[in-house]
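Colleague: Can you keep this structure in mind? I'll have questions shortly.
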Amino acid sequence: MTDTPSALSPVLEQADKALDAALERLFAFLRIPSISTQPEHAVDCRCAAQWLRDELDSLGFDARLCETPGHPIVVAHDRTPPAGPHVLFYGHYDVQPVDPLSLWKTGPFEPVLVTGKDGVKRIVARGASDDKGQVMTFIEALRAIRATQGTLPVRVSLLIEGEEECGGPNLLPFMDAHSDELRADVGLICDTAMLPGVPAVTTMLRGMVGEEIHLRCADRDLHSGIYGNAARNPVELLCQALASIRDPQSGRVTLPGFYAGVQDPPEALRARWAEIAPDDATFLGEVGLSVAAGEKGYTAIEQTWCRPSFEINGISGGYADEGFKTVLPGEAVAKVSFRLVAGQDPIRIRQAFCARVRDMLPADCTVTFKPCGGSMASTLPDGTFGLRPTLAALGAEWGTPAVTIGCGGSIPVVADMRRVLGMSALLVGFALDDDRAHSPNEKYDLTSFHKGIRSWVRILHAMAASHA
């Protein structure tokens with residue numbers, strides 16, 4: 001099967017004709033509140049997994065729910081696989097919590113199609129972009145191919161988990177236990193972004209270290225008038241410790257050995273990125289900012305794509321609700337994350353951070369740490385199977401050359417695929433940076449959904465043609 005207009009036209013026409021039905025199926029998927037971090041939604045997570053299993057079963061896959069100590073994993077294999085390359089598609093059916101609910105313009109699990117003032121149609125719901133809408137671009141591409149050609153152009157397997165948004169604690173053990181079944185020529189992941197109007201393959205991902213810190217001084221909250229000044233304030237101490245992690249002048253992280261092994265990207269790659277974002281305002285403008293806040297000497301896009309960072313994700317202690325209360329907190333809590341690049345060891349970074357906080361504690365104060373995930377950074381070699389055909393297929397669909405980009409986020413399964421399954425993964429996503437993933441009013445452009453389906457049709461055919 002070759003990637004020719006005559007072979008592709010009926011499939012692409014089917015994808016166009018079936019768009020409304022595809023949208024209805026996506027809406028049904030989005031209505032399931034599969035929030036993996038909240039125990040009260042465990043039944044909903046199972047419901048989402050069952051929904052996917054049934055959809056894949058109807059498309060000619062042997063699909064099953066695989067139990068884990070947490071939420072089930074969906075695994076599916078084509079019942080009538082063709083000869084040729086084998087691809088493993090990965091995605092996740094779980095979504096982030098919806099708080100604060102008051103900021104949503106419509107119900108987070110009541111998907112709607114909204115036309116903006118700019119005339120762009122957008123799907124609004126929790127999970128629309130991350131990752132249900134993206135997963136469904138691939139599944140609907142399979143549906144269009146089945147409807148017109150019967151046999152898929154390549155051998156396809158799917159691995160869709162339900163714990164990506166809560167650290168994925170059970171995915172790696174599952175992959176270890178089922179490595180022979182899951183191994184393929186290449187992984188396909190649709191959980192990343194493209195540039196506005198320009199398709200992209202993400203070839204660089206940062207790793208991550210997450211940590212929750214509980215710092216305690218007094219054995220209870222105290223009256224700040226009676227004890228203030230004499231008793232240690234854990235919020236103040238925690239702020240001091242966290243502020244010491246980044247140098248305010250250079251923007252660099254101050255932990256010993258933090259930058260060991262870190263290298264700058266090639267100048268040619270930096271030049272290509274400069275074309276994408278000529279100045280910091282180009283990259284930051286859509287979120288209301290214009291000046292890069294990280295390391296001096298690096299642009300905003302470089303700071304997020306290829307440089308490591310430290311961020312305070314949340315801090316709490318004492319009284320912060322409505323009204324005023326003169327309290328001296330007994331405990332302070334913070335959640336922080338490091339984003340890592342190639343050459344950095346998450347274990348060593350975590351150890352250095354915990355040591356720094358402990359070293360800054362005075363007498364009478366204690367600290368406990370709770371790890372919140374960790375992963376290595378990953379890069380995609382230029383010679384990865386399927387990369388060139390994928391770029392060509394994306395360019396043909398979107399009418400402009402596809403580019404390779406970096407991503408400041410972390411997708412641990414990429415490194416896990418390489419280590420456990422011995423294969424690289426192509427990260428092809430159709431989200432946009434303004435999709436508000438993890439925020440209220442999450443959206444996914446209808447064009448991203450529609451052309452995402454068409455793109456996967458082209459990609460699978462292009463992979464088959466390149467292998468012929």
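Letters A, B, ... mark the chains of the structure tokens in the order given; residue numbers begin at 1 per chain; ligand numbers begin at 1, in order shown.
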List the spatial neighbours of A:Val95 as an MDAnalysis selection string - criterion: any atom at most 8 Å away, only C-alpha atoms, same-chain residues fewer than 6 positions off excluded.

Modeller: chainID A and resid 33:36 126:127 130:131 165

Colleague: Find the nearest atom pair between each residue of stretch 360-410 of chain A and stretch 442-465 of chain A for residues within 12 Å, count only C-alpha atoms, give distances in Å to one decimal, sort rows by chain and ascending number, and present the table as CSV.

Modeller:
residue,atom,partner,partner_atom,distance
A:Thr384,CA,A:Met463,CA,11.9
A:Phe385,CA,A:Met463,CA,8.7
A:Gly386,CA,A:Met463,CA,5.8
A:Leu387,CA,A:Met463,CA,8.9
A:Arg388,CA,A:Met463,CA,9.1
A:Pro389,CA,A:Ala462,CA,5.5
A:Thr390,CA,A:Ile459,CA,5.3
A:Leu391,CA,A:Ile459,CA,8.4
A:Ala392,CA,A:Ala462,CA,8.1
A:Ala393,CA,A:Ile459,CA,5.4
A:Leu394,CA,A:Ser455,CA,5.9
A:Gly395,CA,A:Ser455,CA,9.1
A:Ala396,CA,A:Arg458,CA,8.3
A:Glu397,CA,A:Ser455,CA,6.0
A:Trp398,CA,A:Lys451,CA,7.7
A:Gly399,CA,A:Lys451,CA,11.2
A:Ala402,CA,A:Ser455,CA,11.5

Colleague: Next, dump the selected residues to file, keeping only N, CA and C atoms, as a compact mmCIF listing (two decimals), in the first residue's frame.

Modeller:
# COMPACT_ATOMS: atom_id res chain seq x y z
N THR A 384 15.59 7.99 13.54
CA THR A 384 14.51 7.17 14.08
C THR A 384 13.58 6.70 12.98
N PHE A 385 13.20 5.41 13.05
CA PHE A 385 12.29 4.85 12.05
C PHE A 385 11.00 5.67 11.99
N GLY A 386 10.61 6.04 10.79
CA GLY A 386 9.34 6.72 10.58
C GLY A 386 9.38 8.22 10.70
N LEU A 387 10.49 8.80 11.19
CA LEU A 387 10.51 10.25 11.41
C LEU A 387 10.37 11.02 10.10
N ARG A 388 11.16 10.70 9.11
CA ARG A 388 11.11 11.44 7.84
C ARG A 388 9.77 11.26 7.13
N PRO A 389 9.24 10.03 7.01
CA PRO A 389 7.90 9.89 6.41
C PRO A 389 6.82 10.65 7.17
N THR A 390 6.95 10.69 8.50
CA THR A 390 5.96 11.41 9.30
C THR A 390 6.01 12.90 9.02
N LEU A 391 7.20 13.46 8.97
CA LEU A 391 7.33 14.88 8.66
C LEU A 391 6.76 15.20 7.29
N ALA A 392 7.04 14.33 6.31
CA ALA A 392 6.52 14.55 4.95
C ALA A 392 5.00 14.46 4.93
N ALA A 393 4.44 13.48 5.65
CA ALA A 393 2.99 13.33 5.68
C ALA A 393 2.31 14.52 6.34
N LEU A 394 2.89 15.01 7.42
CA LEU A 394 2.33 16.18 8.09
C LEU A 394 2.38 17.41 7.19
N GLY A 395 3.49 17.58 6.50
CA GLY A 395 3.60 18.71 5.59
C GLY A 395 2.57 18.66 4.48
N ALA A 396 2.31 17.45 3.97
CA ALA A 396 1.32 17.30 2.90
C ALA A 396 -0.08 17.65 3.38
N GLU A 397 -0.40 17.29 4.62
CA GLU A 397 -1.74 17.57 5.15
C GLU A 397 -1.95 19.03 5.47
N TRP A 398 -0.96 19.67 6.08
CA TRP A 398 -1.13 21.03 6.57
C TRP A 398 -0.69 22.08 5.56
N GLY A 399 -0.09 21.64 4.45
CA GLY A 399 0.28 22.58 3.39
C GLY A 399 1.47 23.45 3.72
N ALA A 402 6.62 20.52 7.88
CA ALA A 402 6.60 20.20 9.30
C ALA A 402 7.97 20.48 9.90

Colleague: Which residues are close to stretch 269-286 of chain A, i.e. within 12 Å by only C-alpha atoms, leaving aside same-chain residues fewer than 6 positions away? Reply as a ChimeraX atom specification.

Modeller: /A:194-198,200,203-204,292-294,298-306,403-407,432-436

Colleague: Filtering to N, CA and C atoms, could you give me those residues as a tab-separated table (two decimals), in the first residue's frame?

Modeller:
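See result-v8.tsv below for the written result:
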chain	number	residue	atom	x	y	z
A	194	MET	N	1.58	21.42	18.49
A	194	MET	CA	2.13	21.92	17.23
A	194	MET	C	2.22	23.44	17.35
A	195	LEU	N	2.81	24.06	16.36
A	195	LEU	CA	2.84	25.51	16.30
A	195	LEU	C	1.59	25.98	15.56
A	196	PRO	N	1.12	27.19	15.76
A	196	PRO	CA	-0.08	27.65	15.06
A	196	PRO	C	0.05	27.51	13.54
A	197	GLY	N	-0.73	26.59	12.97
A	197	GLY	CA	-0.72	26.38	11.53
A	197	GLY	C	0.46	25.59	11.01
A	198	VAL	N	1.39	25.21	11.87
A	198	VAL	CA	2.59	24.50	11.45
A	198	VAL	C	2.68	23.17	12.20
A	200	ALA	N	4.20	19.66	13.75
A	200	ALA	CA	5.51	19.46	14.37
A	200	ALA	C	5.62	18.06	14.95
A	203	THR	N	10.91	16.37	19.35
A	203	THR	CA	12.08	15.48	19.42
A	203	THR	C	12.88	15.66	20.70
A	204	MET	N	12.48	16.60	21.56
A	204	MET	CA	13.17	16.81	22.83
A	204	MET	C	12.13	17.01	23.93
A	292	ALA	N	11.54	36.97	29.43
A	292	ALA	CA	11.93	35.66	29.95
A	292	ALA	C	12.51	35.80	31.35
A	293	ALA	N	12.13	34.88	32.25
A	293	ALA	CA	12.50	35.01	33.66
A	293	ALA	C	13.58	34.01	34.08
A	294	GLY	N	14.01	33.14	33.17
A	294	GLY	CA	14.97	32.10	33.54
A	294	GLY	C	16.41	32.54	33.37
A	298	TYR	N	19.75	33.00	27.52
A	298	TYR	CA	18.91	32.06	26.78
A	298	TYR	C	17.54	32.68	26.54
A	299	THR	N	17.02	32.45	25.36
A	299	THR	CA	15.69	32.97	25.03
A	299	THR	C	14.62	32.20	25.78
A	300	ALA	N	13.42	32.74	25.78
A	300	ALA	CA	12.32	32.06	26.47
A	300	ALA	C	12.08	30.67	25.92
A	301	ILE	N	12.15	30.52	24.60
A	301	ILE	CA	11.90	29.22	24.00
A	301	ILE	C	13.01	28.24	24.35
A	302	GLU	N	14.24	28.72	24.45
A	302	GLU	CA	15.36	27.86	24.86
A	302	GLU	C	15.24	27.49	26.33
A	303	GLN	N	14.81	28.44	27.15
A	303	GLN	CA	14.66	28.17	28.58
A	303	GLN	C	13.67	27.05	28.85
A	304	THR	N	12.66	26.92	28.01
A	304	THR	CA	11.65	25.89	28.23
A	304	THR	C	11.91	24.61	27.45
A	305	TRP	N	12.61	24.69	26.34
A	305	TRP	CA	12.81	23.51	25.51
A	305	TRP	C	14.10	22.76	25.82
A	306	CYS	N	15.16	23.46	26.21
A	306	CYS	CA	16.44	22.76	26.33
A	306	CYS	C	17.24	23.11	27.57
A	403	VAL	N	8.00	20.79	11.20
A	403	VAL	CA	9.25	21.11	11.89
A	403	VAL	C	9.44	20.17	13.07
A	404	THR	N	10.67	20.08	13.54
A	404	THR	CA	10.97	19.37	14.78
A	404	THR	C	11.16	20.42	15.87
A	405	ILE	N	10.57	20.17	17.02
A	405	ILE	CA	10.59	21.14	18.11
A	405	ILE	C	10.93	20.46	19.43
A	406	GLY	N	11.20	21.27	20.45
A	406	GLY	CA	11.35	20.76	21.80
A	406	GLY	C	10.09	21.01	22.59
A	407	CYS	N	10.05	20.46	23.78
A	407	CYS	CA	8.89	20.65	24.66
A	407	CYS	C	9.39	20.73	26.09
A	432	LEU	N	-2.48	23.07	20.84
A	432	LEU	CA	-1.86	24.40	20.75
A	432	LEU	C	-1.53	24.88	22.16
A	433	ASP	N	-0.55	25.75	22.26
A	433	ASP	CA	-0.12	26.21	23.57
A	433	ASP	C	-1.22	26.95	24.33
A	434	ASP	N	-2.22	27.46	23.61
A	434	ASP	CA	-3.30	28.18	24.29
A	434	ASP	C	-4.52	27.29	24.56
A	435	ASP	N	-4.33	25.97	24.55
A	435	ASP	CA	-5.45	25.06	24.77
A	435	ASP	C	-5.90	24.99	26.23
A	436	ARG	N	-5.16	25.61	27.13
A	436	ARG	CA	-5.52	25.67	28.55
A	436	ARG	C	-5.61	24.28	29.17

Colleague: With only C-alpha atoms as the atoms that count, which of A:Asp44, A:Glu67, A:Asp264, A:Asp99 lies nearest to A:Pro440?

Modeller: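 Looking at the shortest contact to A:Pro440, the residue is A:Asp99.
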
Colleague: Quick one: residues within 10 Å of A:Val367, only C-alpha atoms, excluding same-chain residues fewer than 2 positions away - as a list in words?

Modeller: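 Residues meeting the cut-off are Ile213, His214, Leu215, Arg216, Cys217, Pro234, Leu238, Glu331, Ala332, Val333, Cys354, Val357, Arg358, Leu361, Cys365 and Phe369 of chain A.
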
Colleague: Take the selection from the previous step and output its residues with N, CA and C atoms, as a CSV table (one decimal), in the first residue's frame.

Modeller:
chain,number,residue,atom,x,y,z
A,213,ILE,N,6.9,19.0,50.2
A,213,ILE,CA,7.7,19.2,51.4
A,213,ILE,C,6.8,19.7,52.5
A,214,HIS,N,6.9,19.0,53.7
A,214,HIS,CA,6.2,19.4,54.9
A,214,HIS,C,7.2,19.8,55.9
A,215,LEU,N,7.1,21.1,56.3
A,215,LEU,CA,8.1,21.7,57.2
A,215,LEU,C,7.3,22.1,58.5
A,216,ARG,N,7.7,21.5,59.6
A,216,ARG,CA,6.9,21.7,60.9
A,216,ARG,C,7.8,22.4,61.9
A,217,CYS,N,7.2,23.4,62.6
A,217,CYS,CA,7.9,24.0,63.8
A,217,CYS,C,7.2,23.7,65.0
A,234,PRO,N,7.1,28.4,60.1
A,234,PRO,CA,7.5,27.5,59.0
A,234,PRO,C,7.3,28.0,57.6
A,238,LEU,N,10.3,28.0,55.0
A,238,LEU,CA,10.2,27.3,53.7
A,238,LEU,C,10.4,28.2,52.6
A,331,GLU,N,2.7,24.4,60.6
A,331,GLU,CA,3.3,23.6,59.5
A,331,GLU,C,3.1,24.4,58.2
A,332,ALA,N,4.1,24.2,57.3
A,332,ALA,CA,4.0,24.8,55.9
A,332,ALA,C,4.3,23.7,54.9
A,333,VAL,N,3.6,23.7,53.8
A,333,VAL,CA,3.7,22.7,52.8
A,333,VAL,C,3.9,23.3,51.4
A,354,CYS,N,16.8,17.9,48.6
A,354,CYS,CA,16.4,17.6,50.0
A,354,CYS,C,17.5,18.0,51.0
A,357,VAL,N,17.4,21.8,51.7
A,357,VAL,CA,16.3,22.2,52.6
A,357,VAL,C,16.7,21.8,54.1
A,358,ARG,N,17.2,20.6,54.2
A,358,ARG,CA,17.6,20.1,55.6
A,358,ARG,C,18.7,21.0,56.2
A,361,LEU,N,17.5,24.3,57.9
A,361,LEU,CA,16.6,24.2,59.0
A,361,LEU,C,17.3,24.5,60.3
A,365,CYS,N,12.9,22.4,64.3
A,365,CYS,CA,12.1,22.3,63.1
A,365,CYS,C,12.4,21.0,62.4
A,369,PHE,N,9.7,14.7,53.3
A,369,PHE,CA,9.6,14.8,51.9
A,369,PHE,C,8.7,13.7,51.3
